[in-house]
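So this block is target.cif, mmCIF, C-alpha atoms:
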```cif
data_model
loop_
_atom_site.label_atom_id
_atom_site.label_comp_id
_atom_site.auth_asym_id
_atom_site.auth_seq_id
_atom_site.Cartn_x
_atom_site.Cartn_y
_atom_site.Cartn_z
CA MET A 140 30.93 11.84 -77.84
CA PHE A 141 33.05 14.98 -78.33
CA LEU A 142 33.09 16.00 -74.66
CA LYS A 143 31.78 13.85 -71.84
CA THR A 144 31.85 14.20 -68.09
CA GLU A 145 30.89 11.39 -65.74
CA ASN A 146 29.83 12.12 -62.14
CA VAL A 147 32.26 15.00 -61.67
CA VAL A 148 32.63 16.06 -58.01
CA LYS A 149 34.65 19.06 -56.79
CA LYS A 150 34.94 19.96 -53.12
CA PHE A 151 36.46 22.89 -51.25
CA GLY A 152 36.90 21.71 -47.70
CA GLY A 153 33.45 20.64 -46.55
CA LEU A 154 31.69 22.43 -49.42
CA ILE A 155 30.62 20.32 -52.39
CA ALA A 156 30.73 22.85 -55.23
CA VAL A 157 30.03 20.35 -58.03
CA ASN A 158 28.12 17.18 -57.25
CA ASN A 159 28.01 14.27 -59.71
CA VAL A 160 27.60 16.36 -62.86
CA SER A 161 27.45 14.30 -66.06
CA LEU A 162 27.18 15.85 -69.53
CA GLU A 163 27.56 14.68 -73.11
CA ILE A 164 28.31 17.31 -75.74
CA LYS A 165 28.09 16.52 -79.43
CA GLN A 166 30.59 17.88 -81.93
CA GLY A 167 29.29 21.06 -83.56
CA GLU A 168 26.81 21.76 -80.76
CA ILE A 169 26.35 24.93 -78.73
CA TYR A 170 25.51 23.80 -75.20
CA GLY A 171 24.50 26.34 -72.58
CA ILE A 172 24.85 26.05 -68.82
CA ILE A 173 22.66 28.23 -66.62
CA GLY A 174 21.93 28.46 -62.92
CA PRO A 175 21.99 30.89 -59.98
CA ASN A 176 25.15 32.61 -58.83
CA GLY A 177 27.19 30.20 -56.73
CA ALA A 178 25.57 27.15 -58.32
CA GLY A 179 28.93 25.67 -59.37
CA LYS A 180 28.90 26.50 -63.08
CA THR A 181 32.37 28.05 -63.32
CA THR A 182 33.82 25.46 -60.95
CA PHE A 183 32.50 22.77 -63.27
CA LEU A 184 34.07 24.51 -66.27
CA ASN A 185 37.33 24.72 -64.34
CA CYS A 186 37.21 20.94 -63.86
CA VAL A 187 36.64 20.44 -67.58
CA SER A 188 39.49 22.80 -68.58
CA GLY A 189 42.05 21.40 -66.13
CA ILE A 190 42.23 24.31 -63.71
CA TYR A 191 40.82 22.03 -61.00
CA LYS A 192 41.19 18.29 -60.68
CA PRO A 193 37.91 16.78 -59.48
CA GLU A 194 37.88 14.61 -56.37
CA GLN A 195 35.67 12.13 -58.19
CA GLY A 196 34.47 11.52 -61.72
CA SER A 197 36.02 11.71 -65.17
CA VAL A 198 36.33 14.09 -68.11
CA PHE A 199 36.68 12.80 -71.67
CA PHE A 200 37.63 14.95 -74.68
CA LYS A 201 37.61 13.56 -78.23
CA GLY A 202 37.43 10.04 -76.84
CA LYS A 203 40.38 10.38 -74.44
CA GLU A 204 40.23 10.73 -70.67
CA VAL A 205 41.70 14.11 -69.75
CA THR A 206 40.73 14.36 -66.07
CA GLY A 207 43.15 16.67 -64.28
CA ILE A 208 45.36 17.29 -67.32
CA LYS A 209 46.97 20.73 -67.23
CA PRO A 210 45.23 23.57 -69.11
CA TYR A 211 48.15 24.21 -71.47
CA VAL A 212 48.09 20.55 -72.54
CA LEU A 213 44.34 20.69 -73.13
CA THR A 214 44.82 23.87 -75.16
CA ARG A 215 47.18 22.08 -77.52
CA MET A 216 44.67 19.22 -77.69
CA GLY A 217 42.10 21.71 -79.00
CA MET A 218 40.31 23.17 -75.96
CA GLY A 219 39.99 26.97 -75.76
CA ARG A 220 38.66 29.09 -72.92
CA THR A 221 37.46 32.58 -71.99
CA TYR A 222 36.91 33.88 -68.46
CA GLN A 223 34.35 35.84 -66.45
CA ILE A 224 37.00 38.45 -65.71
CA VAL A 225 38.70 39.08 -69.03
CA ARG A 226 42.40 38.29 -68.94
CA SER A 227 44.90 39.99 -71.20
CA PHE A 228 48.52 41.09 -71.30
CA SER A 229 47.64 44.68 -70.48
CA LYS A 230 50.89 46.26 -71.68
CA MET A 231 50.86 44.45 -75.00
CA THR A 232 48.99 45.34 -78.17
CA ALA A 233 45.97 43.42 -79.42
CA LEU A 234 48.15 41.95 -82.15
CA ASP A 235 50.80 40.73 -79.72
CA ASN A 236 48.19 39.31 -77.34
CA VAL A 237 46.84 37.12 -80.12
CA LYS A 238 50.33 36.27 -81.42
CA VAL A 239 51.12 34.80 -78.00
CA ALA A 240 48.20 32.40 -78.39
CA THR A 241 49.20 31.61 -81.95
CA VAL A 242 52.77 30.73 -80.97
CA PHE A 243 52.41 29.10 -77.55
CA GLY A 244 48.84 27.82 -77.49
CA ASN A 245 48.69 26.35 -80.96
CA LYS A 246 49.82 22.78 -81.63
CA LYS A 247 50.71 23.93 -85.16
CA HIS A 248 52.68 26.95 -83.90
CA HIS A 249 55.72 26.06 -86.01
CA LYS A 250 53.76 26.52 -89.22
CA GLY A 251 52.84 29.74 -90.98
CA ASN A 252 53.27 33.40 -90.03
CA PRO A 253 52.09 34.18 -86.45
CA GLU A 254 51.41 37.82 -87.24
CA GLU A 255 49.28 37.00 -90.27
CA LYS A 256 47.38 34.41 -88.24
CA ALA A 257 46.79 36.92 -85.43
CA VAL A 258 45.48 39.58 -87.82
CA HIS A 259 43.19 37.01 -89.41
CA MET A 260 41.77 35.99 -86.03
CA LEU A 261 41.15 39.60 -85.00
CA ASP A 262 39.36 40.18 -88.31
CA ALA A 263 37.33 36.99 -87.83
CA VAL A 264 35.78 38.24 -84.59
CA GLY A 265 35.28 41.79 -85.83
CA PHE A 266 37.78 43.35 -83.43
CA PRO A 267 36.71 47.02 -83.41
CA LEU A 268 40.07 48.77 -82.90
CA PRO A 269 43.44 49.04 -84.68
CA VAL A 270 45.56 45.97 -83.97
CA GLU A 271 48.26 48.20 -82.42
CA THR A 272 45.91 49.24 -79.60
CA VAL A 273 47.33 48.43 -76.16
CA ALA A 274 45.09 46.06 -74.19
CA GLY A 275 45.26 48.15 -71.02
CA THR A 276 43.41 50.99 -72.78
CA MET A 277 40.46 48.85 -73.93
CA THR A 278 36.93 48.66 -72.60
CA THR A 279 35.53 45.39 -71.26
CA LEU A 280 33.59 44.81 -74.49
CA GLN A 281 36.69 45.36 -76.63
CA LEU A 282 38.63 42.96 -74.40
CA LYS A 283 35.94 40.32 -74.92
CA TYR A 284 36.54 40.48 -78.68
CA LEU A 285 40.28 40.24 -78.03
CA GLU A 286 39.85 37.21 -75.79
CA LEU A 287 37.72 35.43 -78.40
CA ALA A 288 40.35 36.13 -81.07
CA ARG A 289 43.05 34.78 -78.78
CA ALA A 290 41.10 31.59 -78.09
CA LEU A 291 40.48 31.01 -81.78
CA ALA A 292 44.17 31.57 -82.53
CA THR A 293 44.92 28.30 -80.74
CA ASP A 294 42.86 26.49 -83.41
CA CYS A 295 40.51 25.28 -80.68
CA GLU A 296 37.92 22.67 -81.55
CA LEU A 297 36.05 23.16 -78.26
CA LEU A 298 35.50 26.67 -76.87
CA LEU A 299 34.41 27.22 -73.27
CA LEU A 300 32.74 30.62 -72.76
CA ASP A 301 32.25 31.93 -69.22
CA GLU A 302 29.70 34.78 -69.19
CA VAL A 303 30.96 36.24 -72.44
CA ALA A 304 27.77 38.34 -72.81
CA ALA A 305 28.01 39.92 -69.35
CA GLY A 306 27.96 43.71 -69.58
CA LEU A 307 26.69 43.87 -73.15
CA SER A 308 23.89 46.32 -73.89
CA PRO A 309 20.66 45.02 -75.46
CA GLY A 310 21.72 46.63 -78.72
CA GLU A 311 25.04 44.76 -78.71
CA LEU A 312 23.54 41.31 -78.12
CA PRO A 313 22.39 40.52 -81.71
CA GLU A 314 25.89 41.16 -83.09
CA PHE A 315 27.46 39.00 -80.40
CA ILE A 316 24.92 36.21 -80.98
CA SER A 317 25.80 36.31 -84.67
CA LEU A 318 29.51 36.17 -83.82
CA ILE A 319 29.15 33.07 -81.62
CA LYS A 320 27.16 31.33 -84.35
CA ARG A 321 29.88 32.19 -86.89
CA ILE A 322 32.47 30.65 -84.58
CA ARG A 323 30.38 27.47 -84.43
CA ASP A 324 30.15 27.54 -88.22
CA ARG A 325 33.97 27.46 -88.31
CA GLY A 326 33.69 23.96 -86.83
CA VAL A 327 34.07 24.92 -83.17
CA THR A 328 31.94 23.18 -80.54
CA ILE A 329 30.88 25.60 -77.78
CA ILE A 330 29.92 25.36 -74.12
CA ALA A 331 28.60 28.66 -72.75
CA ILE A 332 27.90 29.64 -69.16
CA GLU A 333 25.60 32.64 -69.15
CA HIS A 334 23.05 34.67 -67.16
CA VAL A 335 21.82 36.77 -70.10
CA MET A 336 18.82 34.69 -71.14
CA LYS A 337 18.25 36.46 -74.47
CA PHE A 338 21.81 35.54 -75.41
CA ILE A 339 21.71 31.94 -74.23
CA MET A 340 18.32 31.34 -75.82
CA GLY A 341 19.57 32.84 -79.07
CA ILE A 342 22.61 30.60 -79.52
CA CYS A 343 22.08 27.23 -77.82
CA ASP A 344 21.00 23.88 -79.21
CA ARG A 345 20.61 22.51 -75.68
CA ILE A 346 20.82 23.93 -72.17
CA GLY A 347 21.77 22.26 -68.89
CA VAL A 348 20.76 23.73 -65.53
CA ILE A 349 23.00 23.49 -62.46
CA HIS A 350 21.62 24.26 -58.98
CA PHE A 351 23.50 23.74 -55.71
CA GLY A 352 26.24 21.97 -57.66
CA GLU A 353 23.92 19.44 -59.31
CA LYS A 354 22.54 19.22 -62.83
CA ILE A 355 18.78 19.33 -62.30
CA THR A 356 17.72 19.07 -65.93
CA GLU A 357 18.73 19.67 -69.54
CA GLY A 358 16.89 20.07 -72.81
CA LYS A 359 16.12 22.37 -75.72
CA PRO A 360 15.87 26.08 -74.87
CA ASP A 361 12.07 26.29 -75.20
CA ASP A 362 11.62 23.27 -72.94
CA ILE A 363 13.97 24.72 -70.33
CA MET A 364 12.02 27.98 -70.27
CA GLN A 365 8.84 26.08 -69.45
CA ASN A 366 10.36 23.67 -66.91
CA GLU A 367 8.80 24.23 -63.48
CA ALA A 368 11.94 23.17 -61.60
CA VAL A 369 14.04 25.64 -63.58
CA ILE A 370 11.55 28.45 -63.09
CA GLU A 371 11.48 27.80 -59.35
CA ALA A 372 15.26 27.51 -58.98
CA TYR A 373 16.48 30.19 -61.36
CA LEU A 374 14.26 31.94 -63.88
CA GLY A 375 11.47 33.17 -61.62
CA LYS A 376 7.75 33.01 -62.23
CA GLU A 377 7.71 36.37 -64.00
CA THR A 378 9.27 34.67 -67.03
CA LEU A 379 5.93 33.01 -67.68
CA HIS A 380 4.13 36.32 -68.18
#
```
Could the structure of this file be written out as structure tokens, please?
Amino acid sequence: MFLKTENVVKKFGGLIAVNNVSLEIKQGEIYGIIGPNGAGKTTFLNCVSGIYKPEQGSVFFKGKEVTGIKPYVLTRMGMGRTYQIVRSFSKMTALDNVKVATVFGNKKHHKGNPEEKAVHMLDAVGFPLPVETVAGTMTTLQLKYLELARALATDCELLLLDEVAAGLSPGELPEFISLIKRIRDRGVTIIAIEHVMKFIMGICDRIGVIHFGEKITEGKPDDIMQNEAVIEAYLGKETLH
């Protein structure tokens, strides 16, 4: 299994934020994670990506246990990440932001031309501005494209997306759905946390649902939409009409 978690538990004091969450992600799959705000989705992703070390349970990536390994090590093993609040080097250009990932986040950083690689990655995601644009002048949507290019510049094999569609207009969703599918077609396995149901339904092979820190079910998108427990916990009965 490409990524596997076994009974992952993360606590903050007396609060159990993630409670015995087990997942198995196949290589080449787009796996969605949904659930109410505060359900533990991002905390779980932080356990997978090494930001948090779980109190209990294990994380396996490409057949190796990686529980608690530092994020920069996981990056060089092939795990990329985006964040709810987009992070960039605000005083640097788009090109230099991606060059940083190419040089320091890429296990093959000693090979090739970093600038050429950065330009290629920006082109691959359809970055909508000149590469000399300073990150601090960009809109949230433009920064999302930049962050995707930066993640891909590490040559990631697994990409963790945390609410990448948040803030997109309905008219922007189809283009972004197409972009995520193109990234998968590059050979990148994807886990996506998302609240925008049109987006998550449009990209995912399977969806897992987390509620109060626990995985309550998983399945194909159409099955999840009809699951009574999911409707009660998250989607709301109006989704049936």
Using the chain letters and numbering of this document, enumerate as number ranges by chain the residues selected by the PyMOL selection byres ((chain A and resi 149) around 8). A: 147-148, 150-151, 155-158, 182-183, 186, 192-195
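Taking only C-alpha atoms into account, Ile330 of chain A lies nearest to A:Gln166 out of the set A:Thr206, A:Asn252, A:Thr279, A:Gln166.
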Using the chain letters and numbers from the file, give me the residues hit by the PyMOL selection byres ((chain A and resi 167-170) around 8), as a ChimeraX atom specification. /A:164-166,171-172,323,326-331,342-347
With 12 Å as the threshold, what does the neighbourhood of (46.1, 21.8, -68.2) contain in terms of residues, counting only C-alpha atoms? Coordinates are those of the file; answer as an NGL selection string. :A and (185-192 or 205-220 or 244)
Name the residues that the PyMOL selection byres ((chain A and resi 267) around 12) picks from the file above, as a PDB file with C-alpha atoms, in the coordinates of the input, using the file's chain letters and numbers.
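Once written, out.pdb looks like this:
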```
ATOM      1  CA  ALA A 233      45.970  43.420 -79.420  1.00  0.00           C
ATOM      2  CA  LEU A 261      41.150  39.600 -85.000  1.00  0.00           C
ATOM      3  CA  ASP A 262      39.360  40.180 -88.310  1.00  0.00           C
ATOM      4  CA  ALA A 263      37.330  36.990 -87.830  1.00  0.00           C
ATOM      5  CA  VAL A 264      35.780  38.240 -84.590  1.00  0.00           C
ATOM      6  CA  GLY A 265      35.280  41.790 -85.830  1.00  0.00           C
ATOM      7  CA  PHE A 266      37.780  43.350 -83.430  1.00  0.00           C
ATOM      8  CA  LEU A 268      40.070  48.770 -82.900  1.00  0.00           C
ATOM      9  CA  PRO A 269      43.440  49.040 -84.680  1.00  0.00           C
ATOM     10  CA  VAL A 270      45.560  45.970 -83.970  1.00  0.00           C
ATOM     11  CA  GLU A 271      48.260  48.200 -82.420  1.00  0.00           C
ATOM     12  CA  THR A 272      45.910  49.240 -79.600  1.00  0.00           C
ATOM     13  CA  MET A 277      40.460  48.850 -73.930  1.00  0.00           C
ATOM     14  CA  THR A 278      36.930  48.660 -72.600  1.00  0.00           C
ATOM     15  CA  LEU A 280      33.590  44.810 -74.490  1.00  0.00           C
ATOM     16  CA  GLN A 281      36.690  45.360 -76.630  1.00  0.00           C
ATOM     17  CA  LEU A 282      38.630  42.960 -74.400  1.00  0.00           C
ATOM     18  CA  LYS A 283      35.940  40.320 -74.920  1.00  0.00           C
ATOM     19  CA  TYR A 284      36.540  40.480 -78.680  1.00  0.00           C
ATOM     20  CA  LEU A 285      40.280  40.240 -78.030  1.00  0.00           C
ATOM     21  CA  ALA A 288      40.350  36.130 -81.070  1.00  0.00           C
TER      22      ALA A 288
END
```
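Among A:Phe338, A:Leu297, A:Lys359, A:Phe351, the residue with the shortest atom-to-atom distance to Pro309 of chain A, counting all atoms listed in the file, is A:Phe338.
The residue that comes closest to Val239 of chain A, out of A:Leu287, A:Ala257, A:Met336, A:Leu184 and on the basis of only C-alpha atoms, is A:Ala257.
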Between atom CA of Ile316 of chain A and atom CA of Val160 of chain A, distance in Å (one decimal): 27.0 Å
Give the centre and edge lengths of an axis-aligned box, in Å to one decimal, that holds all listed atoms of segment 170-187 of chain A with 4 Å on each side, as AutoDock Vina command-line options.
```
--center_x 29.6 --center_y 26.5 --center_z -66.0 --size_x 23.4 --size_y 20.2 --size_z 26.5
```
For Ala240 of chain A, the nearest of the candidates A:Leu312, A:Leu300, A:Ile339, A:Leu291, counting all atoms listed in the file: A:Leu291
So that I can see what lies close to Val273 of chain A, please list as a PyMOL selection string the residues with an atom at most 6 Å from it, counting only C-alpha atoms and leaving out residues fewer than 2 positions away in the same chain. chain A and resi 231-232+275-276
Measuring between all atoms listed in the file, which one of A:Lys337, A:Val242, A:Glu254, A:Ile322 shows the shortest distance to Thr293 of chain A?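 Closest to Thr293 of chain A, using all atoms listed in the file: A:Val242.
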Please report the interatomic distance between atom CA of Asn176 of chain A and atom CA of Glu204 of chain A in Å with one decimal. 29.1 Å
Could you check how far atom CA of Ala368 of chain A sits from atom CA of His334 of chain A, in Å to one decimal?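 The value is 16.9 Å.
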Taking into account all atoms listed in the file, which residue in the set A:Met260, A:Leu162, A:Leu142, A:Ala178 is nearest to Glu353 of chain A? A:Ala178
